[in-house]
Protein chains: 2
Amino acid sequence: MRAVTVSDGEIVVAQRADPKPGAGEVLVKVRAAGLNGADMMQRRGLYPAPPGSPADIPGLELAGEVAELGERSERFALGARVMGIVGGGGQAELAVVHERQLMPVPERLSWEQAGGLPEVFTTAHDALFTQAQLRSGERLLVHGAAGGVGLAAIQLARAAGASVVATVRNRALRAEVASIGAEAIAVDGFERNGPFDVILELVGAPNFDANMKALAERGRICVIGVGAGGKAELNLLALMGKRARIHGSTLRSRALEEKALAARLLEREVLPLIASGQVSVHVSASYPLQEAGAAYERFAAGGKLGKIVLTM
Amino acid sequence: MRAVTVSDGEIVVAQRADPKPGAGEVLVKVRAAGLNGADMMQRRGLYPAPPGSPADIPGLELAGEVAELGERSERFALGARVMGIVGGGGQAELAVVHERQLMPVPERLSWEQAGGLPEVFTTAHDALFTQAQLRSGERLLVHGAAGGVGLAAIQLARAAGASVVATVRNRALRAEVASIGAEAIAVDGFERNGPFDVILELVGAPNFDANMKALAERGRICVIGVGAGGKAELNLLALMGKRARIHGSTLRSRALEEKALAARLLEREVLPLIASGQVSVHVSASYPLQEAGAAYERFAAGGKLGKIVLTM
């Protein structure tokens with residue numbers, strides 16, 4: 001098979017041996033695979049693949065057709081359209097995935113949309129609902145809202161009855177972010193739009209002091225991206241006075257059973273919204289596998305609305 | 001009645017008009033009232049009493065006898081031994097308290113113990129169980145363990161099946177802290193004793209960086225005291241990588257209904273442990289009301305084991 005590989009910090013499409021599914025696993029003929037921030041970090045050598053995942057093939061999510069069933073695999077038939085999160089190795093023509101990590105692909109979705117769905121919707125759903133316990137009637141602030149996770153978070157929060165304010169650095173993208181249901185604003189002075197019950201932090205340390213000011217009593221901050229800086233000053237008195245909570249999270253390091261649980265939650269709470277069209281997957285651009293290098297450059301350049309996806 | 005009052009940063013015992021209980025309230029003839037860190041802050045003008053509490057009479061907790069019932073008060077009979085948290089005004093011969101904030105005093109407890117119980121046990125129980133969700137088999141670290149909250153936390157955690165490491169600055173107090181069930185250590189280098197599932201932070205910012213290092217995956221830090229500093233540097237990447245959670249909390253600003261809920265939880269989950277003798281209330285020293293100034297000096301000097309209590 002052909003696969004995206006990382007070689008001395010460069011993206012190279014190379015030939016690799018076809019993987020074989022073990023017990024409980026399926027072989028997926030990958031049709032699309034989204035790019036994520038973690039891929040950029042893996043390219044720079046900062047985010048090694050967890051044990052059990054291919055060491056040098058990036059890719060945390062994929063969509064495709066079931067091409068072969070391992071022993072005791074029973075959830076999907078050959079040829080079924082599936083998608084899911086993987087610990088790595090998604091950006092290849094074939095990938096082995098445990099069947100409990102896979103979800104069915106709603107008919108409405110293209111391969112590009114399905115390949116760009118699992119990581120951002122799992123991340124957004126987990127952060128907003130499992131961690132921050134966002135509830136109907138609450139106010140959510142999303143920092144860095146034009147990316148895949150931000151767009152997913154806005155839609156999921158709106159579908160759950162919350163109102164959403166979103167900071168978008170790129171002025172040209174604000175109208176589109178607003179069109180999916182958020183009040184899109186510049187990041188400067190965002191704290192004047194508070195108080196917010198939940199703040200989803202996709203940018204990092206620079207916002208932190210103002211986040212604490214903008215947080216409502218009993219508010220929650222979820223940190224799931226630190227691209228702009230990882231060391232924040234935390235005002236402990238404000239944290240106590242507001243009785244606030246700060247969560248940090250990544251998906252990648254989670255154990256198989258946790259990823260499987262997250263997939264079940266997505267099937268139950270998100271896929272119905274996708275199937276009905278209430279929530280959609282925004283693909284900014286797709287690139288064929290052999291142009292993976294260009295896709296990575298596009299991702300790293302920022303300023304995109306939604307996902308960058310490879311197709312095979 | 002006589003009451004402790006704050007006058008230009010000084011503690012003065014003065015005459016005040018007797019308060020009258022309203023609907024749902026009771027008048028308590030106070031027998032003992034504990035001192036807390038918030039009283040020290042109120043003396044310095046940094047922690048004003050919430051609306052509805054006497055502006056210049058400190059005291060967040062009390063124990064005493066029911067002396068008069070307001071309209072529709074029905075939980076306690078005249079003369080009943082009660083204790084509870086108040087928004088302020090506890091350090092006086094009489095205090096008005098809503099009956100839902102009061103708990104019965106177990107027979108085993110002296111007035112001094114009862115007057116020093118509500119604040120520290122509610123704080124410790126809320127932090128460990130309601131917020132950090134400490135569970136049997138987990139490892140807890142308590143920073144600043146020789147104070148009232150620390151001693152309560154150690155005992156409650158042990159009773160719930162957790163193991164406890166406690167940092168105690170004053171070497172002379174370590175043996176006593178160890179005798180109630182914690183491994184008592186110096187604060188320097190505490191991170192070598194990790195990982196900890198829950199860290200109860202009663203000291204503040206200086207420990208914060210080492211706390212993040214010592215925290216287990218999915219660990220929780222509860223910040224409920226910042227005497228040694230309120231501005232911490234927070235490593236967001238570590239927070240994400242460990243999927244950690246940081247809580248801040250204070251009791252005083254909570255609404256009546258929340259304080260009442262906390263009292264019901266204490267009745268159910270803590271008072272049985274007190275009544276059986278499994279958990280005890282440590283009183284370091286008690287002072288008669290007219291020596292309130294000396295009690296405040298003793299509290300501010302630190303290095304005590306357990307509560308400082310006024311008796312009336």
# chains A, B, ... in the order shown; residues from 1 in each chain; ligands from 1
>>> residues_around(residues="Ser7 in chain B", least_positions_apart="6", cutoff="10 Å", atoms="only C-alpha atoms", output="PyMOL selection string")
chain B and resi 13+43-45+56-57
>>> write_last_selection(atoms="all heavy atoms", output="mmCIF file, in the first residue's frame")
data_model
loop_
_atom_site.group_PDB
_atom_site.id
_atom_site.type_symbol
_atom_site.label_atom_id
_atom_site.label_comp_id
_atom_site.auth_asym_id
_atom_site.auth_seq_id
_atom_site.Cartn_x
_atom_site.Cartn_y
_atom_site.Cartn_z
ATOM 1 N N VAL B 13 -14.093 43.304 71.000
ATOM 2 C CA VAL B 13 -15.329 42.690 71.487
ATOM 3 C C VAL B 13 -16.253 43.821 71.922
ATOM 4 O O VAL B 13 -15.896 44.631 72.782
ATOM 5 C CB VAL B 13 -15.049 41.714 72.644
ATOM 6 C CG1 VAL B 13 -16.363 41.135 73.174
ATOM 7 C CG2 VAL B 13 -14.123 40.593 72.170
ATOM 8 N N ARG B 43 -10.573 40.689 58.530
ATOM 9 C CA ARG B 43 -9.945 41.658 59.427
ATOM 10 C C ARG B 43 -9.103 42.650 58.638
ATOM 11 O O ARG B 43 -9.019 43.826 58.969
ATOM 12 C CB ARG B 43 -9.077 40.931 60.456
ATOM 13 C CG ARG B 43 -8.374 41.893 61.390
ATOM 14 C CD ARG B 43 -7.672 41.197 62.529
ATOM 15 N NE ARG B 43 -6.612 40.321 62.059
ATOM 16 C CZ ARG B 43 -5.567 39.939 62.825
ATOM 17 N NH1 ARG B 43 -5.495 40.349 64.075
ATOM 18 N NH2 ARG B 43 -4.655 39.135 62.358
ATOM 19 N N ARG B 44 -8.486 42.158 57.548
ATOM 20 C CA ARG B 44 -7.647 43.043 56.734
ATOM 21 C C ARG B 44 -8.466 43.772 55.668
ATOM 22 O O ARG B 44 -7.910 44.441 54.804
ATOM 23 C CB ARG B 44 -6.545 42.228 56.052
ATOM 24 C CG ARG B 44 -5.477 41.741 57.039
ATOM 25 C CD ARG B 44 -4.730 40.516 56.533
ATOM 26 N NE ARG B 44 -4.087 40.770 55.243
ATOM 27 C CZ ARG B 44 -3.720 39.828 54.377
ATOM 28 N NH1 ARG B 44 -3.955 38.550 54.655
ATOM 29 N NH2 ARG B 44 -3.150 40.141 53.246
ATOM 30 N N GLY B 45 -9.792 43.611 55.700
ATOM 31 C CA GLY B 45 -10.644 44.336 54.760
ATOM 32 C C GLY B 45 -10.691 43.720 53.369
ATOM 33 O O GLY B 45 -11.156 44.334 52.414
ATOM 34 N N ASP B 56 -19.811 43.599 60.060
ATOM 35 C CA ASP B 56 -18.540 43.716 60.786
ATOM 36 C C ASP B 56 -18.363 42.673 61.886
ATOM 37 O O ASP B 56 -17.474 42.806 62.722
ATOM 38 C CB ASP B 56 -18.385 45.126 61.357
ATOM 39 C CG ASP B 56 -19.395 45.390 62.471
ATOM 40 O OD1 ASP B 56 -20.406 44.660 62.533
ATOM 41 O OD2 ASP B 56 -19.156 46.302 63.275
ATOM 42 N N ILE B 57 -19.220 41.650 61.923
ATOM 43 C CA ILE B 57 -19.014 40.557 62.877
ATOM 44 C C ILE B 57 -18.507 39.341 62.101
ATOM 45 O O ILE B 57 -19.237 38.774 61.295
ATOM 46 C CB ILE B 57 -20.315 40.184 63.627
ATOM 47 C CG1 ILE B 57 -20.909 41.415 64.323
ATOM 48 C CG2 ILE B 57 -20.047 39.073 64.638
ATOM 49 C CD1 ILE B 57 -22.238 41.143 65.017
#
>>> closest_atom_pairs(of="range 79-183 of chain B", to="range 289-303 of chain B", cutoff="12 Å", atoms="only C-alpha atoms", output="Markdown table")
| residue | atom | partner | partner_atom | distance |
| --- | --- | --- | --- | --- |
| B:Gly90 | CA | B:Leu289 | CA | 11.4 |
| B:Gln91 | CA | B:Leu289 | CA | 7.9 |
| B:Ala92 | CA | B:Leu289 | CA | 7.9 |
| B:Glu93 | CA | B:Leu289 | CA | 8.5 |
| B:Gly144 | CA | B:Gly303 | CA | 10.0 |
| B:Ala145 | CA | B:Gly303 | CA | 10.6 |
| B:Ala146 | CA | B:Gly303 | CA | 7.7 |
| B:Gly147 | CA | B:Gly303 | CA | 8.2 |
| B:Gly148 | CA | B:Phe299 | CA | 11.1 |
| B:Val168 | CA | B:Gly303 | CA | 9.3 |
| B:Arg169 | CA | B:Gly303 | CA | 8.2 |
| B:Asn170 | CA | B:Gly303 | CA | 6.3 |
| B:Arg171 | CA | B:Gly303 | CA | 9.6 |
| B:Ala172 | CA | B:Gly303 | CA | 9.0 |
| B:Leu173 | CA | B:Gly303 | CA | 8.0 |
| B:Arg174 | CA | B:Gly303 | CA | 11.0 |
>>> select_by_dssp(residues="range 53-302 of chain A", states="strand (DSSP E)", output="PyMOL selection string")
chain A and resi 61-69+81-85+94-98+102-104+139-143+163-167+183-185+196-201+215-223+231-235+245-248+283-288
>>> interface_residues(of="chain A", to="chain B", cutoff="8 Å", atoms="only C-alpha atoms", output="mmCIF file with all heavy atoms, in the first residue's frame")
data_model
loop_
_atom_site.group_PDB
_atom_site.id
_atom_site.type_symbol
_atom_site.label_atom_id
_atom_site.label_comp_id
_atom_site.auth_asym_id
_atom_site.auth_seq_id
_atom_site.Cartn_x
_atom_site.Cartn_y
_atom_site.Cartn_z
ATOM 1 N N GLY A 204 -4.687 28.626 23.178
ATOM 2 C CA GLY A 204 -3.625 28.460 24.171
ATOM 3 C C GLY A 204 -3.480 29.602 25.139
ATOM 4 O O GLY A 204 -4.439 30.326 25.435
ATOM 5 N N ALA A 205 -2.251 29.761 25.632
ATOM 6 C CA ALA A 205 -1.975 30.620 26.770
ATOM 7 C C ALA A 205 -2.361 32.091 26.605
ATOM 8 O O ALA A 205 -2.769 32.718 27.583
ATOM 9 C CB ALA A 205 -0.490 30.511 27.140
ATOM 10 N N VAL A 223 -9.259 23.183 27.842
ATOM 11 C CA VAL A 223 -8.076 23.468 27.034
ATOM 12 C C VAL A 223 -7.792 22.252 26.167
ATOM 13 O O VAL A 223 -7.439 21.187 26.678
ATOM 14 C CB VAL A 223 -6.848 23.765 27.918
ATOM 15 C CG1 VAL A 223 -5.651 24.106 27.044
ATOM 16 C CG2 VAL A 223 -7.151 24.887 28.897
ATOM 17 N N ILE A 224 -7.955 22.410 24.847
ATOM 18 C CA ILE A 224 -7.674 21.279 23.961
ATOM 19 C C ILE A 224 -6.759 21.678 22.822
ATOM 20 O O ILE A 224 -6.538 20.896 21.906
ATOM 21 C CB ILE A 224 -8.966 20.624 23.430
ATOM 22 C CG1 ILE A 224 -9.860 21.645 22.754
ATOM 23 C CG2 ILE A 224 -9.729 19.967 24.567
ATOM 24 C CD1 ILE A 224 -11.091 21.006 22.132
ATOM 25 N N VAL A 226 -3.056 24.341 22.167
ATOM 26 C CA VAL A 226 -2.137 25.321 22.737
ATOM 27 C C VAL A 226 -1.170 25.846 21.680
ATOM 28 O O VAL A 226 -0.048 26.215 21.996
ATOM 29 C CB VAL A 226 -1.329 24.722 23.922
ATOM 30 C CG1 VAL A 226 -2.238 24.407 25.088
ATOM 31 C CG2 VAL A 226 -0.555 23.490 23.489
ATOM 32 N N GLY A 230 1.975 27.477 25.551
ATOM 33 C CA GLY A 230 1.582 26.453 26.510
ATOM 34 C C GLY A 230 1.761 26.822 27.961
ATOM 35 O O GLY A 230 1.397 26.052 28.838
ATOM 36 N N LYS A 231 2.311 28.009 28.259
ATOM 37 C CA LYS A 231 2.515 28.398 29.657
ATOM 38 C C LYS A 231 1.613 29.581 29.967
ATOM 39 O O LYS A 231 1.809 30.681 29.449
ATOM 40 C CB LYS A 231 3.968 28.820 29.888
ATOM 41 C CG LYS A 231 4.956 27.692 29.666
ATOM 42 C CD LYS A 231 5.222 26.905 30.937
ATOM 43 C CE LYS A 231 6.361 25.913 30.687
ATOM 44 N NZ LYS A 231 6.601 25.057 31.854
ATOM 45 N N ALA A 232 0.641 29.362 30.809
ATOM 46 C CA ALA A 232 -0.312 30.418 31.137
ATOM 47 C C ALA A 232 -0.152 30.837 32.588
ATOM 48 O O ALA A 232 0.234 30.031 33.431
ATOM 49 C CB ALA A 232 -1.734 29.930 30.907
ATOM 50 N N GLU A 233 -0.449 32.098 32.876
ATOM 51 C CA GLU A 233 -0.509 32.515 34.271
ATOM 52 C C GLU A 233 -1.932 32.315 34.761
ATOM 53 O O GLU A 233 -2.896 32.756 34.138
ATOM 54 C CB GLU A 233 -0.104 33.982 34.437
ATOM 55 C CG GLU A 233 0.012 34.335 35.920
ATOM 56 C CD GLU A 233 0.423 35.775 36.168
ATOM 57 O OE1 GLU A 233 -0.456 36.646 36.217
ATOM 58 O OE2 GLU A 233 1.637 36.004 36.294
ATOM 59 N N LEU A 234 -2.051 31.618 35.867
ATOM 60 C CA LEU A 234 -3.370 31.279 36.393
ATOM 61 C C LEU A 234 -3.597 32.026 37.699
ATOM 62 O O LEU A 234 -2.817 31.914 38.635
ATOM 63 C CB LEU A 234 -3.440 29.768 36.629
ATOM 64 C CG LEU A 234 -4.726 29.234 37.279
ATOM 65 C CD1 LEU A 234 -5.935 29.563 36.425
ATOM 66 C CD2 LEU A 234 -4.617 27.732 37.492
ATOM 67 N N ASN A 235 -4.693 32.767 37.744
ATOM 68 C CA ASN A 235 -5.079 33.519 38.941
ATOM 69 C C ASN A 235 -5.893 32.598 39.856
ATOM 70 O O ASN A 235 -7.086 32.382 39.638
ATOM 71 C CB ASN A 235 -5.887 34.745 38.511
ATOM 72 C CG ASN A 235 -6.284 35.593 39.698
ATOM 73 O OD1 ASN A 235 -6.354 35.117 40.836
ATOM 74 N ND2 ASN A 235 -6.533 36.865 39.442
ATOM 75 N N LEU A 236 -5.228 32.055 40.866
ATOM 76 C CA LEU A 236 -5.886 31.063 41.731
ATOM 77 C C LEU A 236 -7.014 31.674 42.553
ATOM 78 O O LEU A 236 -8.014 31.011 42.825
ATOM 79 C CB LEU A 236 -4.857 30.420 42.674
ATOM 80 C CG LEU A 236 -3.723 29.636 42.004
ATOM 81 C CD1 LEU A 236 -2.760 29.088 43.065
ATOM 82 C CD2 LEU A 236 -4.258 28.504 41.154
ATOM 83 N N LEU A 237 -6.866 32.947 42.941
ATOM 84 C CA LEU A 237 -7.946 33.586 43.706
ATOM 85 C C LEU A 237 -9.205 33.720 42.859
ATOM 86 O O LEU A 237 -10.321 33.495 43.338
ATOM 87 C CB LEU A 237 -7.505 34.961 44.200
ATOM 88 C CG LEU A 237 -6.975 35.037 45.625
ATOM 89 C CD1 LEU A 237 -6.600 36.473 45.962
ATOM 90 C CD2 LEU A 237 -7.997 34.513 46.640
ATOM 91 N N LEU A 239 -9.949 31.802 40.327
ATOM 92 C CA LEU A 239 -10.440 30.421 40.165
ATOM 93 C C LEU A 239 -11.304 30.021 41.357
ATOM 94 O O LEU A 239 -12.390 29.446 41.203
ATOM 95 C CB LEU A 239 -9.242 29.476 40.043
ATOM 96 C CG LEU A 239 -9.531 28.012 39.725
ATOM 97 C CD1 LEU A 239 -9.781 27.820 38.229
ATOM 98 C CD2 LEU A 239 -8.383 27.101 40.160
ATOM 99 N N MET A 240 -10.824 30.346 42.570
ATOM 100 C CA MET A 240 -11.584 30.017 43.777
ATOM 101 C C MET A 240 -12.862 30.851 43.854
ATOM 102 O O MET A 240 -13.944 30.322 44.113
ATOM 103 C CB MET A 240 -10.740 30.291 45.019
ATOM 104 C CG MET A 240 -9.612 29.305 45.251
ATOM 105 S SD MET A 240 -8.528 29.826 46.630
ATOM 106 C CE MET A 240 -9.696 29.829 47.996
ATOM 107 N N GLY A 241 -12.731 32.163 43.645
ATOM 108 C CA GLY A 241 -13.873 33.053 43.796
ATOM 109 C C GLY A 241 -15.005 32.692 42.849
ATOM 110 O O GLY A 241 -16.181 32.805 43.205
ATOM 111 N N LYS A 242 -14.658 32.255 41.641
ATOM 112 C CA LYS A 242 -15.691 31.866 40.671
ATOM 113 C C LYS A 242 -16.070 30.404 40.790
ATOM 114 O O LYS A 242 -16.950 29.934 40.079
ATOM 115 C CB LYS A 242 -15.193 32.160 39.255
ATOM 116 C CG LYS A 242 -15.053 33.652 39.000
ATOM 117 C CD LYS A 242 -14.751 33.977 37.566
ATOM 118 C CE LYS A 242 -14.841 35.504 37.408
ATOM 119 N NZ LYS A 242 -14.616 35.940 36.025
ATOM 120 N N ARG A 243 -15.357 29.707 41.662
ATOM 121 C CA ARG A 243 -15.591 28.265 41.815
ATOM 122 C C ARG A 243 -15.528 27.611 40.429
ATOM 123 O O ARG A 243 -16.403 26.829 40.046
ATOM 124 C CB ARG A 243 -16.942 28.018 42.478
ATOM 125 C CG ARG A 243 -17.040 28.737 43.822
ATOM 126 C CD ARG A 243 -18.435 28.782 44.356
ATOM 127 N NE ARG A 243 -18.998 27.455 44.462
ATOM 128 C CZ ARG A 243 -20.282 27.213 44.576
ATOM 129 N NH1 ARG A 243 -21.138 28.213 44.590
ATOM 130 N NH2 ARG A 243 -20.721 25.994 44.667
ATOM 131 N N ALA A 244 -14.455 27.937 39.734
ATOM 132 C CA ALA A 244 -14.323 27.520 38.344
ATOM 133 C C ALA A 244 -13.566 26.209 38.221
ATOM 134 O O ALA A 244 -13.009 25.706 39.199
ATOM 135 C CB ALA A 244 -13.605 28.611 37.566
ATOM 136 N N ARG A 245 -13.529 25.691 37.023
ATOM 137 C CA ARG A 245 -12.926 24.391 36.741
ATOM 138 C C ARG A 245 -12.174 24.508 35.427
ATOM 139 O O ARG A 245 -12.677 25.120 34.486
ATOM 140 C CB ARG A 245 -14.057 23.393 36.593
ATOM 141 C CG ARG A 245 -13.758 21.982 36.922
ATOM 142 C CD ARG A 245 -15.075 21.234 37.097
ATOM 143 N NE ARG A 245 -15.661 20.879 35.813
ATOM 144 C CZ ARG A 245 -16.949 20.583 35.625
ATOM 145 N NH1 ARG A 245 -17.801 20.619 36.619
ATOM 146 N NH2 ARG A 245 -17.386 20.262 34.441
ATOM 147 N N ILE A 246 -10.983 23.961 35.370
ATOM 148 C CA ILE A 246 -10.203 23.962 34.131
ATOM 149 C C ILE A 246 -9.899 22.515 33.761
ATOM 150 O O ILE A 246 -9.366 21.762 34.579
ATOM 151 C CB ILE A 246 -8.882 24.734 34.305
ATOM 152 C CG1 ILE A 246 -9.152 26.158 34.780
ATOM 153 C CG2 ILE A 246 -8.093 24.740 32.999
ATOM 154 C CD1 ILE A 246 -7.903 26.914 35.179
ATOM 155 N N HIS A 247 -10.236 22.142 32.551
ATOM 156 C CA HIS A 247 -9.956 20.796 32.058
ATOM 157 C C HIS A 247 -8.892 20.851 30.980
ATOM 158 O O HIS A 247 -8.886 21.771 30.164
ATOM 159 C CB HIS A 247 -11.189 20.197 31.373
ATOM 160 C CG HIS A 247 -12.346 19.945 32.264
ATOM 161 N ND1 HIS A 247 -12.561 18.739 32.858
ATOM 162 C CD2 HIS A 247 -13.360 20.739 32.657
ATOM 163 C CE1 HIS A 247 -13.670 18.799 33.578
ATOM 164 N NE2 HIS A 247 -14.180 20.000 33.484
ATOM 165 N N GLY A 248 -8.043 19.864 30.929
ATOM 166 C CA GLY A 248 -7.174 19.673 29.780
ATOM 167 C C GLY A 248 -7.456 18.311 29.180
ATOM 168 O O GLY A 248 -7.824 17.388 29.902
ATOM 169 N N SER A 249 -7.285 18.199 27.871
ATOM 170 C CA SER A 249 -7.594 16.904 27.276
ATOM 171 C C SER A 249 -6.897 16.699 25.943
ATOM 172 O O SER A 249 -6.628 17.645 25.210
ATOM 173 C CB SER A 249 -9.099 16.780 27.072
ATOM 174 O OG SER A 249 -9.412 15.475 26.684
ATOM 175 N N THR A 250 -6.563 15.469 25.661
ATOM 176 C CA THR A 250 -6.202 15.030 24.314
ATOM 177 C C THR A 250 -6.910 13.703 24.099
ATOM 178 O O THR A 250 -7.219 12.997 25.053
ATOM 179 C CB THR A 250 -4.689 14.784 24.161
ATOM 180 O OG1 THR A 250 -4.317 13.739 25.066
ATOM 181 C CG2 THR A 250 -3.875 16.027 24.438
ATOM 182 N N SER A 253 -3.956 9.805 23.499
ATOM 183 C CA SER A 253 -3.330 8.918 24.481
ATOM 184 C C SER A 253 -4.334 7.986 25.153
ATOM 185 O O SER A 253 -3.963 7.177 25.987
ATOM 186 C CB SER A 253 -2.636 9.775 25.543
ATOM 187 O OG SER A 253 -3.593 10.589 26.193
#
>>> atom_distance(atom1="CA of Gln278 in chain B", atom2="CA of Leu266 in chain B")
14.7 Å
>>> residues_around(residues="Leu62 in chain A", least_positions_apart="4", cutoff="6 Å", atoms="only C-alpha atoms", output="PyMOL selection string")
chain A and resi 32-33+83-84+90+115
>>> residues_around(residues="Leu140 in chain A", least_positions_apart="2", cutoff="10 Å", atoms="only C-alpha atoms", output="PDB file with C-alpha atoms, in the first residue's frame")
ATOM      1  CA  LEU A 128     -18.253  20.308  25.724  1.00  0.00           C
ATOM      2  CA  LEU A 134     -22.451  22.259  28.800  1.00  0.00           C
ATOM      3  CA  ARG A 135     -26.189  22.576  29.252  1.00  0.00           C
ATOM      4  CA  GLY A 137     -29.401  27.825  28.115  1.00  0.00           C
ATOM      5  CA  GLU A 138     -25.709  28.302  28.863  1.00  0.00           C
ATOM      6  CA  VAL A 142     -15.064  29.146  21.380  1.00  0.00           C
ATOM      7  CA  HIS A 143     -11.541  30.470  20.772  1.00  0.00           C
ATOM      8  CA  ALA A 153     -18.319  22.670  18.715  1.00  0.00           C
ATOM      9  CA  ILE A 154     -20.468  25.588  17.559  1.00  0.00           C
ATOM     10  CA  ALA A 157     -23.575  23.505  21.309  1.00  0.00           C
ATOM     11  CA  ARG A 158     -26.334  25.165  19.304  1.00  0.00           C
ATOM     12  CA  ALA A 162     -26.574  26.796  24.209  1.00  0.00           C
ATOM     13  CA  SER A 163     -25.731  30.167  22.693  1.00  0.00           C
ATOM     14  CA  VAL A 164     -22.275  30.609  21.203  1.00  0.00           C
ATOM     15  CA  VAL A 165     -19.764  33.441  20.805  1.00  0.00           C
ATOM     16  CA  ALA A 166     -16.738  32.581  18.660  1.00  0.00           C
ATOM     17  CA  ALA A 182     -22.268  31.760  16.441  1.00  0.00           C
ATOM     18  CA  GLY A 194     -18.868  37.628  28.829  1.00  0.00           C
ATOM     19  CA  PRO A 195     -19.728  36.114  31.180  1.00  0.00           C
ATOM     20  CA  PHE A 196     -19.440  32.658  29.646  1.00  0.00           C
ATOM     21  CA  ASP A 197     -20.398  29.414  31.331  1.00  0.00           C
ATOM     22  CA  VAL A 198     -17.992  27.390  29.203  1.00  0.00           C
ATOM     23  CA  ILE A 199     -14.881  28.453  27.291  1.00  0.00           C
ATOM     24  CA  LEU A 200     -13.399  26.092  24.718  1.00  0.00           C
ATOM     25  CA  LEU A 215     -15.768  33.259  32.975  1.00  0.00           C
ATOM     26  CA  GLY A 219     -17.694  28.357  34.736  1.00  0.00           C
ATOM     27  CA  ARG A 220     -15.560  25.727  33.007  1.00  0.00           C
ATOM     28  CA  ILE A 221     -12.569  26.194  30.708  1.00  0.00           C
TER      29      ILE A 221
END
>>> atom_distance(atom1="CA of Arg264 in chain B", atom2="CA of Thr122 in chain B")
10.3 Å
>>> select_by_dssp(residues="range 52-163 of chain A", states="alpha helix (DSSP H)", output="list in words")
Trp111, Glu112, Gln113, Ala114, Gly115, Pro118, Glu119, Val120, Phe121, Thr122, Thr123, Ala124, His125, Gly148, Val149, Gly150, Leu151, Ala152, Ala153, Ile154, Gln155, Leu156, Ala157, Arg158 and Ala159 of chain A
